[in-house]
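Working notes, beginning with the structure itself.
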Amino acid sequence: MPAAPLTVGEADLHAHSTVSDGTESPAELMVQAAAAGLWGVALTDHDSTSGWAEAAAAVPATGVVLIPGMELSTREGFMSVHMLAYLVDPLDERLLAETSRIRESRLARAEEIVRRIGRDYDLSWDDVLAQTSEGATIGRPHIADALVARGHVATRSAAFAGILHPRAGYAQPHYAPDPLTGVRLIRAAGGVPVLAHPGTRGAERVIPPERLGRLVDAGLFGLEIDHPENRADAKARLRELARTHGLAVTGSSDYHGTGKPNRLGELRTAPEVVERIIAEGRGSAPVTP
């Protein structure tokens, strides 16, 4: 007999584990998703799919559907632009090559930032490594955690507002492809691309319509509008753009465990949008209980 069709519910489509800059393992993330009453959750570690297998193994015990994903780094000039990639093929050669290059650049960037900070503060690369798990994509959040551990700041958020803020002079960018290339890479890998938290800088910094139009033409699926850090004025403008371009609207917490105040499941994506993502994704499939 054919399998019964999947009944789709609300999902939190943006969450991180220790594979990138979250504080919980992929399995622990699934447990937290169950505690939050979620139907489904997307594991979207930065430029990595390494946590998928562990999260998938926790699906039967938790009863939460796993939507395999990734948060792909892209860059527009000096501005970092993140692209959520759902249901990509984790073995796609072009995507693997690009994410490997990004991670290598992230590592080199992190080492240089620590070297610069170390001139003025008691901080070493070993301090940063002590804040990571094996195989993690090392980045600025781990440096922030090391600064907390050393007593230089009180929280990860305080580190980003102070020592790790660009105005402090220690930070520098890492390599990432442009957003248009990012959308094309995700689609070529069978995935579904959504522009992550595009309203954190306010309405005046929302992506220009002509640039957004090029992303839509390349296959952009949606905008992550319901995100804790998007500003109210930006969300109103983004909803206008979503209507104009026929883009889906997603909602997510961008959960990092104790690394951010965001609560898992505090913002969610409607079942009909989740269903469309599942229907369009052809590189991998949701993992169901």
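In the structure tokens, chains take letters A, B, ... by order of appearance, with residues numbered from 1 within each chain and ligands from 1 in the order shown.
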Need the shell around A:His152: protein/DNA/RNA residues with any atom at most 12 Å away, counting only C-alpha atoms. Skip same-chain ones fewer than 6 positions apart. Format as a short mmCIF file (atom, residue, chain, number, x, y, z; two decimals) with N, CA, C and O atoms, in the first residue's frame?
```cif
data_model
loop_
_atom_site.label_atom_id
_atom_site.label_comp_id
_atom_site.auth_asym_id
_atom_site.auth_seq_id
_atom_site.Cartn_x
_atom_site.Cartn_y
_atom_site.Cartn_z
N ILE A 117 42.35 40.86 18.84
CA ILE A 117 41.81 41.10 20.18
C ILE A 117 42.89 40.83 21.23
O ILE A 117 42.98 41.53 22.25
N GLY A 118 43.71 39.80 20.97
CA GLY A 118 44.74 39.41 21.93
C GLY A 118 45.78 40.48 22.21
O GLY A 118 46.50 40.39 23.21
N ASP A 120 44.98 43.48 22.96
CA ASP A 120 44.40 44.38 23.97
C ASP A 120 43.72 43.65 25.13
O ASP A 120 43.48 44.25 26.18
N TYR A 121 43.38 42.37 24.94
CA TYR A 121 42.69 41.61 25.97
C TYR A 121 43.39 40.26 26.15
O TYR A 121 44.03 39.75 25.22
N ASP A 122 43.21 39.68 27.32
CA ASP A 122 43.77 38.36 27.60
C ASP A 122 42.87 37.33 26.92
O ASP A 122 41.86 36.90 27.46
N LEU A 123 43.24 36.94 25.70
CA LEU A 123 42.46 35.99 24.91
C LEU A 123 43.38 35.26 23.94
O LEU A 123 44.20 35.89 23.27
N ILE A 143 34.12 33.04 19.60
CA ILE A 143 35.00 34.07 20.17
C ILE A 143 34.27 34.82 21.28
O ILE A 143 34.83 35.11 22.34
N ALA A 144 32.98 35.12 21.02
CA ALA A 144 32.17 35.79 22.04
C ALA A 144 32.10 34.96 23.31
O ALA A 144 32.24 35.49 24.42
N ASP A 145 31.89 33.65 23.15
CA ASP A 145 31.81 32.78 24.33
C ASP A 145 33.14 32.75 25.08
O ASP A 145 33.16 32.67 26.32
N ALA A 146 34.24 32.80 24.33
CA ALA A 146 35.55 32.83 24.98
C ALA A 146 35.76 34.13 25.74
O ALA A 146 36.34 34.14 26.84
N ALA A 158 26.50 40.85 24.57
CA ALA A 158 27.33 42.00 24.95
C ALA A 158 28.63 42.01 24.16
O ALA A 158 29.14 43.09 23.80
N ALA A 159 29.17 40.84 23.86
CA ALA A 159 30.39 40.78 23.05
C ALA A 159 30.14 41.33 21.66
O ALA A 159 30.97 42.07 21.11
N GLY A 162 29.86 45.04 21.66
CA GLY A 162 31.06 45.77 22.04
C GLY A 162 32.29 45.32 21.28
O GLY A 162 32.56 45.79 20.17
N ILE A 163 33.06 44.41 21.86
CA ILE A 163 34.35 44.03 21.30
C ILE A 163 34.25 43.49 19.88
O ILE A 163 35.12 43.78 19.03
N LEU A 164 33.21 42.75 19.58
CA LEU A 164 33.08 42.14 18.25
C LEU A 164 32.28 43.00 17.26
O LEU A 164 32.06 42.60 16.12
#
```
Using only C-alpha atoms, what does the table of stretch 52-135 of chain A residues within 12 Å of stretch 198-211 of chain A look like, with each row giving the shortest atom pair and its distance in Å to one decimal, sorted by chain and ascending number, as CSV?
```
residue,atom,partner,partner_atom,distance
A:Glu76,CA,A:Ile207,CA,10.3
A:Met79,CA,A:Arg205,CA,10.7
A:Ser80,CA,A:Pro198,CA,10.5
A:Val81,CA,A:Pro198,CA,7.9
A:His82,CA,A:Pro198,CA,8.4
A:Met83,CA,A:Pro198,CA,9.6
A:Leu84,CA,A:Pro198,CA,11.3
```
Excluding A:Glu275 and its own-chain neighbours fewer than 4 positions away, which residues fall within 7 Å of it when counting only C-alpha atoms? Please give them as a JSON list (two decimals) with all heavy atoms, in the first residue's frame.
```
[["chain", "number", "residue", "atom", "x", "y", "z"],
["A", 8, "VAL", "N", 0.93, 17.96, 7.65],
["A", 8, "VAL", "CA", 1.91, 19.01, 7.94],
["A", 8, "VAL", "C", 1.36, 19.98, 8.98],
["A", 8, "VAL", "O", 0.19, 20.37, 8.94],
["A", 8, "VAL", "CB", 2.29, 19.77, 6.66],
["A", 8, "VAL", "CG1", 3.26, 20.90, 6.96],
["A", 8, "VAL", "CG2", 2.90, 18.80, 5.64],
["A", 271, "PRO", "N", 1.52, 25.96, 8.29],
["A", 271, "PRO", "CA", 1.57, 24.63, 7.66],
["A", 271, "PRO", "C", 1.54, 24.66, 6.14],
["A", 271, "PRO", "O", 2.24, 23.88, 5.48],
["A", 271, "PRO", "CB", 0.32, 23.93, 8.22],
["A", 271, "PRO", "CG", 0.07, 24.61, 9.53],
["A", 271, "PRO", "CD", 0.46, 26.03, 9.32],
["A", 279, "ALA", "N", 7.14, 20.23, -0.86],
["A", 279, "ALA", "CA", 6.79, 19.87, -2.23],
["A", 279, "ALA", "C", 7.87, 20.29, -3.23],
["A", 279, "ALA", "O", 8.12, 19.59, -4.22],
["A", 279, "ALA", "CB", 5.45, 20.49, -2.62]]
```
Have a look at A:Pro193, A:Ala56, A:Asp178, A:His245 and name the one nearest to A:Ile278; count only C-alpha atoms.
A:Pro193
Selection: 6 Å around A:Ala189, only C-alpha atoms, excl. self and same-chain fewer than 3 positions, as a list in words
Val88, Asp89, Asp92, Ile186 and Gly283 of chain A
How about saving the chosen residues, C-alpha atoms kept, as a PDB file, in the first residue's frame?
```pdb
ATOM      1  CA  VAL A  88      19.271  20.466  -0.427  1.00  0.00           C
ATOM      2  CA  ASP A  89      21.292  17.478  -1.588  1.00  0.00           C
ATOM      3  CA  ASP A  92      25.954  18.241  -4.258  1.00  0.00           C
ATOM      4  CA  ILE A 186      20.662  26.117  -3.525  1.00  0.00           C
ATOM      5  CA  GLY A 283      17.602  17.312  -2.828  1.00  0.00           C
TER       6      GLY A 283
END
```
Find the residues around stretch 42-46 of chain A up to 10 Å (only C-alpha atoms counted), leave out those fewer than 2 positions away in its own chain, and share them as number ranges by chain.
A: 11-22, 26, 29-30, 33, 40, 48-52, 55-56, 65-73, 82-87, 99, 102-103, 136-139, 252, 254-256, 286
Which parts of stretch 27-77 of chain A does DSSP call alpha helix (DSSP H) when run on the backbone here, written out as a ChimeraX atom specification?
/A:27-35,52-57,59-62
Can you write out as a tab-separated table which residues of stretch 95-199 of chain A fall within 12 Å of stretch 216-233 of chain A, alongside each residue's closest atom pair and its distance in Å to one decimal, counting only C-alpha atoms and ordering rows by chain and ascending residue number?
```
residue	atom	partner	partner_atom	distance
A:Pro179	CA	A:Leu220	CA	10.0
A:Leu180	CA	A:Ala218	CA	7.0
A:Thr181	CA	A:Ala218	CA	8.8
A:Gly182	CA	A:Ala218	CA	9.6
A:Val183	CA	A:Leu220	CA	6.2
A:Arg184	CA	A:Ala218	CA	6.1
A:Leu185	CA	A:Ala218	CA	9.8
A:Ile186	CA	A:Gly219	CA	8.9
A:Arg187	CA	A:Gly219	CA	6.8
A:Ala188	CA	A:Gly219	CA	9.8
A:Gly190	CA	A:Gly219	CA	11.0
A:Gly191	CA	A:Phe221	CA	9.9
A:Val192	CA	A:Phe221	CA	6.3
A:Pro193	CA	A:Leu220	CA	5.4
A:Val194	CA	A:Gly222	CA	4.7
A:Leu195	CA	A:Leu223	CA	5.0
A:Ala196	CA	A:Glu224	CA	5.2
A:His197	CA	A:Glu224	CA	5.4
A:Pro198	CA	A:Glu224	CA	6.9
A:Gly199	CA	A:Asn230	CA	4.4
```
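Take atom CA of A:Leu96 and atom CA of A:Asp47: the distance between them is 9.0 Å.
Across A:Glu112, A:Leu215, A:Pro173, A:Arg156, the tightest approach to A:Gly257 is made by A:Arg156 when counting only C-alpha atoms.
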Using backbone DSSP assignments, extract all strand (DSSP E or B) residues from stretch 5-160 of chain A; output them as number ranges by chain.
A: 11-15, 40-43, 46, 65-76, 79-86
